[in-house]
Amino acid sequence: MYSRGGCVRKKNDTQGLVFLEKDWEGNRLPEDLVEESGLMGTSFSILQPIERAKIGGYTKMGDNAQFLIDTNEVSFFPKEKSVIYLASDINDWDNCIGNKKWALKRIPEEPSIHVLNLKWSEVLLQNPFSFKFITDQGEWIEPDSSFSCSEQNKVGTRNFLFNANRTGKDILSFELVEGPGKENLDQWIHFKPRGEFGFSKSRIGSKFRVFAPRVSKMELLIKKSFQQKQFEHYSMERSDDGSWCVELPMDCEGMLYKYSVQNTKGKADGTFFVKEVVDPYAKAMIGRDGPGLALSIKRHETNNTSFDIPKVEDLVILETHVRDLLAYAPLDLTEDERLEFRGLTRWLQSEDCYLKKLGVNAIELQPIHEFDARTKNEYHWGYMSVNFFAPASSYASNPENGSAIYEFKNLVTALHKAKLSVIIDVVYNHVGVPAHLSFLDRELYFSTTENGVLNNHSGCGNDINAESQPARRLIIDSLLSLVNDYKVDGFRFDLGELLGLSLLAEIESELLKVNPKLILIAEPWSFRGRLPLEINQLKYSLWSDNCREKLLQYVKGHGSSTEMIELLKGKLDKDNLYPWQSINYLESHDDFTFIDRLCSHEEWVNGSPPEKVVKQAMIAMGVLLLSPGIPMLGSGQDYLRSKKGVQNTYQRGDLNALKYNEFTHTENFHNWTKKLISFRSSQHGNLLRLSEFIPEEQYHTIDGPKNSFGLFIHSPDRDSENSSLLILINPSDQEVKLSIPDIKIKRSKLILLGEKTSNFGSVPPISIQVWDIK
């Protein structure tokens with residue numbers, strides 16, 4: 001059936017079909033669907049009406065709906081004199097045989113074709129409906145199961161589908177193309193491109209340079225403004241280093257440009273196809289389709305206010321999305337500002353800004369590179385990048401003049417002024433549509449099987465070729481631009497396993513030359529597997545799904561106190577060499593919120609989860625923020641934000657947006673979270689912020705009933721005021737007694753999580769106290 005507006009089927013090795021959910025509007029949707037299916041296509045055209053009817057059973061001809069069957073196309077041949085009838089919802093299926101109104105007539109010049117014309121206005125009365133063809137002998141003629149304009153019925157056979165939105169302009173044919181395949185690929189996949197790419201100023205004016213060693217011809221298409229109707233074409237010259245270049249004797253700053261690429265249709269084919277693509281080094285784009293803008297990023301325009309990135313062990317991260325924060329922000333913003341970088345910049349001027357009040361010191365923004373949203377208002381998480389340099393035009397106030405550049409710069413500056421490090425979630429493991437890189441060189445930039453099929457361990461259809469030197473150069477240049485041009489403080493690498501250990505090591509080496517304190521985080525898995533053990537030799541912190549699952553199991557009564565003790569020592573992830581190599585979290589943008597895993601939204605009463613669940617959540621949040629490693633919260637997690645049990649919300653801005661006016665019912669949980677963050681970040685929490693593991697002899701474990709436990713930490717090499725910490729945790733709903741050991745330290749910090757433990761008088765069940773231990 002249809003997905004994202006349609007679907008694609010291959011007819012043979014050279015041709016394919018696109019089935020649209022409604023008639024084609026002349027947009028790029030057919031090409032999108034082909035690229036999303038991992039194919040490359042050209043020469044798109046709507047099928048002739050009779051050809052469409054042969055596949056879909058009908059077409060619109062003037063004022064008529066023409067139902068048609070070609071007996072040469074069916075799986076059996078009806079008898080020569082058989083009469084074929086239309087059976088459908090509009091004639092109660094069984095009442096058609098013998099009724100001339102529903103009988104199809106042969107076309108004399110093509111006797112295999114049978115047609116029935118009905119008034120379009122008549123069939124619209126039943127729109128939409130299922131139908132099928134049947135002979136006077138009661139033989140049903142099945143639609144082709146590989147075509148999407150049919151569906152399986154209740155008895156397991158198939159019916160055609162009539163829909164007034166599909167009049168005959170909904171099925172397109174296209175030509176499948178392969179490009180150069182793997183011809184001379186080895187030569188270029190190991191070649192390290194040199195020099196500057198994209199638009200730059202030159203001695204005579206302006207220079208445009210792109211790396212595409214295996215294309216047949218390239219042209220620069222450029223125009224001064226939107227008012228200029230046509231692009232001017234300039235031939236580009238290929239150099240022996242695989243790059244194409246053209247210099248123009250004029251200043252092209254601010255002009256619109258793209259490339260026209262001519263490439264071979266297939267191996268030894270001898271014919272060519274032409275595609276227009278955006279420069280992979282374009283610093284700004286008008287939209288996902290382009291064109292790009294010839295702009296220089298002026299680094300001196302970046303606010304020069306110095307920002308000192310915190311030590312990695314001191315980080316407390318909030319993962320968030322620009323639009324989730326702004327949709328209902330309690331600030332007077334225009335509708336456009338609630339979609340854009342500048343809206344968040346404005347909110348950060350207010351002391352009432354959520355990001356400033358929570359107490360975290362790092363913000364991890366979901367992807368900000370140009371992605372494949374079809375319109376400005378379309379909500380996306382941003383994980384389908386189409387360019388690795390341009391900030392998203394849909395987050396900009398005026399994409400036509402490249403405002404995304406300085407508006408994103410201003411946002412980074414505002415976050416720094418709020419004492420917040422800026423970590424960007426970057427997606428280099430795959431791309432969205434249009435896949436501009438694919439038409440420059442599919443195999444050079446993307447990973448393929450021996451048979452030339454795109455690998456799909458990302459789940460998005462086109463894994464990047466991390467072994468390709470040109471691809472690596474592009475990725476590293478992109479990261480250096482974010483650091484040098486925008487002053488970004490760190491990165492989280494989406495599906496880092498697909499980038500691989502070698503590329504991650506090269507990224508680390510190149511970035512830390514610029515700033516040794518940069519924050520490096522990787523998602524350590526993909527659908528292919530996990531990063532190898534050797535990743536612990538690098539300076540990356542890895543998302544710990546181990547922490548997420550073990551901690552949730554524990555508070556739900558299924559886990560082990562032993563695992564929680566290891567987590568509170570920073571040793572749950574056994575392969576780590578340092579505590580900060582784990583990003584400890586309970587929820588992220590992906591999957592359910594953690595409160596939705598503790599209870600269903602139907603169990604909520606008066607805007608809050610049940611009291612028992614809130615206590616479970618408080619213990620979970622407590623352990624998370626008391627554990628060495630780097631804690632990460634999802635935005636709204638501190639208010640027990642629910643997505644109403646929906647697991648995948650990548651295009652559900654309605655569920656992801658923070659509804660601040662609904663958070664009054666969970667204000668206590670928010671305040672508890674703030675208190676934990678404040679404690680962790682203060683001098684009292686120095687035993688939680690570890691750059692190295694504490695020796696095992698400095699821990700003392702206290703066993704208790706009902707999975708309760710205590711952990712006493714004493715590190716004599718720290719200052720005496722903050723060298724001891726006692727954590728007591730009781731996940732059950734009953735009071736328990738713990739035997740506190742004979743500890744010679746006079747004064748320690750005490751943290752209680754759960755029902756009362758031991759004989760600590762009036763200490764609240766969930767609290768942080770300074771307590772005399774004698």
# chains A, B, ... in the order shown; residues from 1 in each chain; ligands from 1
call {"tool": "residues_around", "arguments": {"residues": "Tyr281 in chain A", "least_positions_apart": "5", "cutoff": "8 Å", "atoms": "only C-alpha atoms", "output": "VMD selection string"}}
result
chain A and resid 197 to 199 387 to 389
call {"tool": "write_last_selection", "arguments": {"atoms": "C-alpha atoms", "output": "PDB file, in the first residue's frame"}}
result
ATOM      1  CA  PHE A 197      35.592  23.017  -1.816  1.00  0.00           C
ATOM      2  CA  GLY A 198      32.349  24.867  -2.391  1.00  0.00           C
ATOM      3  CA  PHE A 199      32.162  28.603  -3.015  1.00  0.00           C
ATOM      4  CA  ASN A 387      23.422  18.823   3.532  1.00  0.00           C
ATOM      5  CA  PHE A 388      26.163  18.708   6.172  1.00  0.00           C
ATOM      6  CA  PHE A 389      26.976  22.457   6.281  1.00  0.00           C
TER       7      PHE A 389
END
call {"tool": "select_by_dssp", "arguments": {"residues": "range 151-247 of chain A", "states": "strand (DSSP E)", "output": "PyMOL selection string"}}
result
chain A and resi 151-152+158-162+171-176+198-201+206-211+217-223+232-235+237-238+243-247
call {"tool": "residues_around", "arguments": {"residues": "range 207-215 of chain A", "least_positions_apart": "4", "cutoff": "10 Å", "atoms": "only C-alpha atoms", "output": "MDAnalysis selection string"}}
result
chainID A and resid 179:181 183:185 187:188 193:203 220 236:252 257 259 261:264 272 279:281 294 437 439:441 444 470 474
call {"tool": "residues_around", "arguments": {"residues": "range 90-92 of chain A", "least_positions_apart": "2", "cutoff": "10 Å", "atoms": "only C-alpha atoms", "output": "PyMOL selection string"}}
result
chain A and resi 86-88+94-96+101-102+122-123+125-127+129-131
call {"tool": "atom_distance", "arguments": {"atom1": "CA of Pro434 in chain A", "atom2": "CA of Lys182 in chain A"}}
result
22.0 Å
call {"tool": "closest_atom_pairs", "arguments": {"of": "range 97-208 of chain A", "to": "range 8-22 of chain A", "cutoff": "7 Å", "atoms": "only C-alpha atoms", "output": "tab-separated table"}}
result
residue	atom	partner	partner_atom	distance
A:Ser148	CA	A:Phe19	CA	6.5
A:Asn165	CA	A:Lys22	CA	4.9
A:Arg166	CA	A:Lys22	CA	4.9
A:Asp170	CA	A:Leu20	CA	5.0
A:Ile171	CA	A:Phe19	CA	4.8
A:Leu172	CA	A:Val18	CA	5.1
A:Ser173	CA	A:Leu17	CA	4.6
A:Phe174	CA	A:Gly16	CA	5.4
A:Glu175	CA	A:Gln15	CA	4.7
A:Leu176	CA	A:Thr14	CA	4.9
call {"tool": "closest_residue", "arguments": {"among": "A:His589, A:Lys81, A:Lys265, A:Lys54", "to": "Leu318 in chain A", "atoms": "only C-alpha atoms"}}
result
A:His589
call {"tool": "closest_residue", "arguments": {"among": "A:Lys615, A:Arg346, A:His416, A:Lys550", "to": "Lys487 in chain A", "atoms": "only C-alpha atoms"}}
result
A:His416
call {"tool": "residues_around", "arguments": {"residues": "Leu325 in chain A", "least_positions_apart": "6", "cutoff": "10 Å", "atoms": "only C-alpha atoms", "output": "PyMOL selection string"}}
result
chain A and resi 338-339+343-344+347+353-355+635-636+656-660
